[in-house]
Amino acid sequence: MWILGLLLLLIGCSKEAAVPPKEGRGSLTVVVASTPAGRAVTPGDGNLMQGGGMEDLTLVLVNPVGMISEKVQLTGLTGSEQQIRRVTFQNLDIGNYLLYAYANTERTLLSEARTLLATLTVGQTFGAAERDALFTALTGRTTPTMDATHPMLLTAVKEVKIGVGNSTEQVDMLRPLVWFEVRMFNHSDEEMAIQNIAFSNFNPSTGYLLPHNGVLPGTVNYRALPTLAEYTGGAELSVPANTEATIYSVVLFENRASTYTMTLDVGVGSGILSDATAINTSTAYLLRNRSTKRYLVDDGNGQMAVVEELTDALSQEHAMWRFSSTSSGYMTNVATGNRYYRSTTAGSSSSNLLTFRMNSGYLRIYYSSRYYLRDTNGSVSFANVSNTTRDWLLQELNGQTASLTNSQIEVIDPVTAAVTPMREQLRNQHIVVEINAYYNDTSDTFNFRVLPWNEKEEEVEFN
């Protein structure tokens, strides 16, 4: 048994003096900076996809009566400009203004910011529709899409005061998303396979483009996160020996939940095969033809096929099958979830069931007493045959497994050590759940750690 111990260029010559603002008017220098608090740059990496810099920047200055006084759009930012940028607004009426900032809108996959900015002009009212702009509602298990060719969108809003003379304000850009990541440290000398990972519903359907002090849209609903197969595209996921690796990573809109739970199944030694003598509906099996020695697989297009070796399958899971019952019903492919009845093409007819029967240590899959599933020269079909091409060796992947089942994530206060359930995930946070996994260890401990987006000396622990 083993255990998961789970940041005004004034141009002139020396003979010219700077012209001060007119009486009763002022100027504002805005510094958009990559400070650790603002998180425009991830310390040490500058990864644009993760909000690590600014390729473009738009500043919108709204006056005390709610109209746009200035709009500045900068594109093609490179080098140090991506980490810090100064913009000066001159000849402004004194008073309290609101400054809205948007970065990385040109290539973002979240196009709502780009669409909004295209409609804004000087003199236009910046009202509730602009302040409360939402991201498009998502359905199903989808999450905001981010990839290596699209930098992370950044937004900010700040109240600024313009007095006589020049004022300077710093604006810290925020990602309007939560970066949720699960990492696992394999403390053993064996590779560990991730067999399943699932979460309670905290995948919000929409979110505000601009910060709203943690307030969520009234239209938000919470949905399931992508399954492991959806996340990996059906590929196998494992953590090498004595290595830490990310096993799940998505971006989400801000969310709150009464409880956050995670289910995780991890296996060790899953490459060992043994022959099974009976069907267990909770177990996934490999089917190897008695005559041809080929493995039965789902080809990824909803069709049964055979491969010479398991490495020829799209993934090992494409060669694994579950049965709806021990005697009759349908077969389900583990990787695709496709159900197979009386056809080698995935179907949904529950009225045409298959029969499953063991005979001399081999499994026969058939219907109407004589139409057997067989492999003939690499072609899978149901046919009236009586030779060994109808016989399948039922094989089970052995190994040891450990599980976290609906494990509640709880926050341990680093000062008081008080334990409280996790209740929210807010924009700009980088939530990292770290699982320590042990093989043949007597420590029955699950360790989780959250690393805030802001760099801090102390760590926030999850247990």
# chains A, B, ... in the order shown; residues from 1 in each chain; ligands from 1

call {"tool": "residues_around", "arguments": {"residues": "Ala257 of chain A", "least_positions_apart": "3", "cutoff": "8 Å", "atoms": "only C-alpha atoms", "output": "list in words"}}
result
Phe202, Tyr260, Arg423 and Glu424 of chain A

call {"tool": "write_last_selection", "arguments": {"atoms": "N, CA and C atoms", "output": "PDB file, in the first residue's frame"}}
result
ATOM      1  N   PHE A 202     -16.695  24.972  -9.638  1.00  0.00           N
ATOM      2  CA  PHE A 202     -16.348  26.369  -9.363  1.00  0.00           C
ATOM      3  C   PHE A 202     -15.815  27.036 -10.643  1.00  0.00           C
ATOM      4  N   TYR A 260     -14.530  23.952  -1.816  1.00  0.00           N
ATOM      5  CA  TYR A 260     -13.701  23.587  -2.956  1.00  0.00           C
ATOM      6  C   TYR A 260     -13.126  22.202  -2.688  1.00  0.00           C
ATOM      7  N   ARG A 423     -12.598  29.794   0.262  1.00  0.00           N
ATOM      8  CA  ARG A 423     -13.909  30.341  -0.061  1.00  0.00           C
ATOM      9  C   ARG A 423     -13.960  31.107  -1.374  1.00  0.00           C
ATOM     10  N   GLU A 424     -12.801  31.547  -1.932  1.00  0.00           N
ATOM     11  CA  GLU A 424     -12.843  32.358  -3.140  1.00  0.00           C
ATOM     12  C   GLU A 424     -11.541  32.279  -3.911  1.00  0.00           C
TER      13      GLU A 424
END

call {"tool": "closest_residue", "arguments": {"among": "A:Val30, A:Ala128, A:Ala113, A:Ala133", "to": "Arg85 of chain A", "atoms": "only C-alpha atoms"}}
result
A:Val30

call {"tool": "atom_distance", "arguments": {"atom1": "atom CA of Gly26 of chain A", "atom2": "atom CA of Glu159 of chain A"}}
result
15.9 Å

call {"tool": "residues_around", "arguments": {"residues": "Thr105 of chain A", "least_positions_apart": "5", "cutoff": "7 Å", "atoms": "only C-alpha atoms", "output": "list in words"}}
result
Asp56, Ala113, Arg114 and Leu153 of chain A

call {"tool": "write_last_selection", "arguments": {"atoms": "N, CA and C atoms", "output": "PDB file, in the first residue's frame"}}
result
ATOM      1  N   ASP A  56       0.988  45.839 -25.733  1.00  0.00           N
ATOM      2  CA  ASP A  56       0.251  47.052 -26.083  1.00  0.00           C
ATOM      3  C   ASP A  56      -0.408  47.575 -24.824  1.00  0.00           C
ATOM      4  N   ALA A 113     -12.202  43.002 -24.544  1.00  0.00           N
ATOM      5  CA  ALA A 113     -11.473  44.249 -24.282  1.00  0.00           C
ATOM      6  C   ALA A 113     -11.188  44.984 -25.584  1.00  0.00           C
ATOM      7  N   ARG A 114     -10.747  44.266 -26.593  1.00  0.00           N
ATOM      8  CA  ARG A 114     -10.450  44.874 -27.892  1.00  0.00           C
ATOM      9  C   ARG A 114     -11.714  45.475 -28.504  1.00  0.00           C
ATOM     10  N   LEU A 153      -4.281  38.974 -21.022  1.00  0.00           N
ATOM     11  CA  LEU A 153      -4.923  40.265 -20.901  1.00  0.00           C
ATOM     12  C   LEU A 153      -4.701  40.827 -19.493  1.00  0.00           C
TER      13      LEU A 153
END

call {"tool": "residues_around", "arguments": {"residues": "Glu230 of chain A", "least_positions_apart": "3", "cutoff": "10 Å", "atoms": "only C-alpha atoms", "output": "list in words"}}
result
Arg141, Thr142, Leu225, Pro226, Thr227, Gly233, Gly234, Ala235, Ala335 and Thr336 of chain A

call {"tool": "residues_around", "arguments": {"residues": "Leu314 of chain A", "least_positions_apart": "3", "cutoff": "12 Å", "atoms": "only C-alpha atoms", "output": "PyMOL selection string"}}
result
chain A and resi 233-236+296-301+305-307+309-311+317-320+335-336

call {"tool": "residues_around", "arguments": {"residues": "segment 174-188 of chain A", "least_positions_apart": "5", "cutoff": "6 Å", "atoms": "only C-alpha atoms", "output": "list in words"}}
result
Leu154, Thr155, Ala156, Ala241, Asn242, Thr243, Glu244, Ala245, Thr246, Ile247, Tyr248, Ser249, Val250, Val251, Leu252, Phe253, Arg427, Asn428, Gln429, His430, Ile431, Val432, Val433, Glu434, Ile435, Asn436, Ala437, Tyr438 and Tyr439 of chain A

call {"tool": "closest_residue", "arguments": {"among": "A:Gly302, A:Thr292, A:Val411, A:Ala313", "to": "Asn387 of chain A", "atoms": "only C-alpha atoms"}}
result
A:Thr292

call {"tool": "residues_around", "arguments": {"residues": "Ser368 of chain A", "least_positions_apart": "5", "cutoff": "10 Å", "atoms": "only C-alpha atoms", "output": "list in words"}}
result
Arg342, Leu353, Leu354, Thr355 and Asn384 of chain A

call {"tool": "write_last_selection", "arguments": {"atoms": "C-alpha atoms", "output": "CSV table (one decimal), in the first residue's frame"}}
result
chain,number,residue,atom,x,y,z
A,342,ARG,CA,-23.7,-4.4,-32.0
A,353,LEU,CA,-27.0,-5.3,-26.4
A,354,LEU,CA,-23.9,-7.4,-26.5
A,355,THR,CA,-23.3,-10.6,-24.6
A,384,ASN,CA,-20.4,-15.8,-37.7
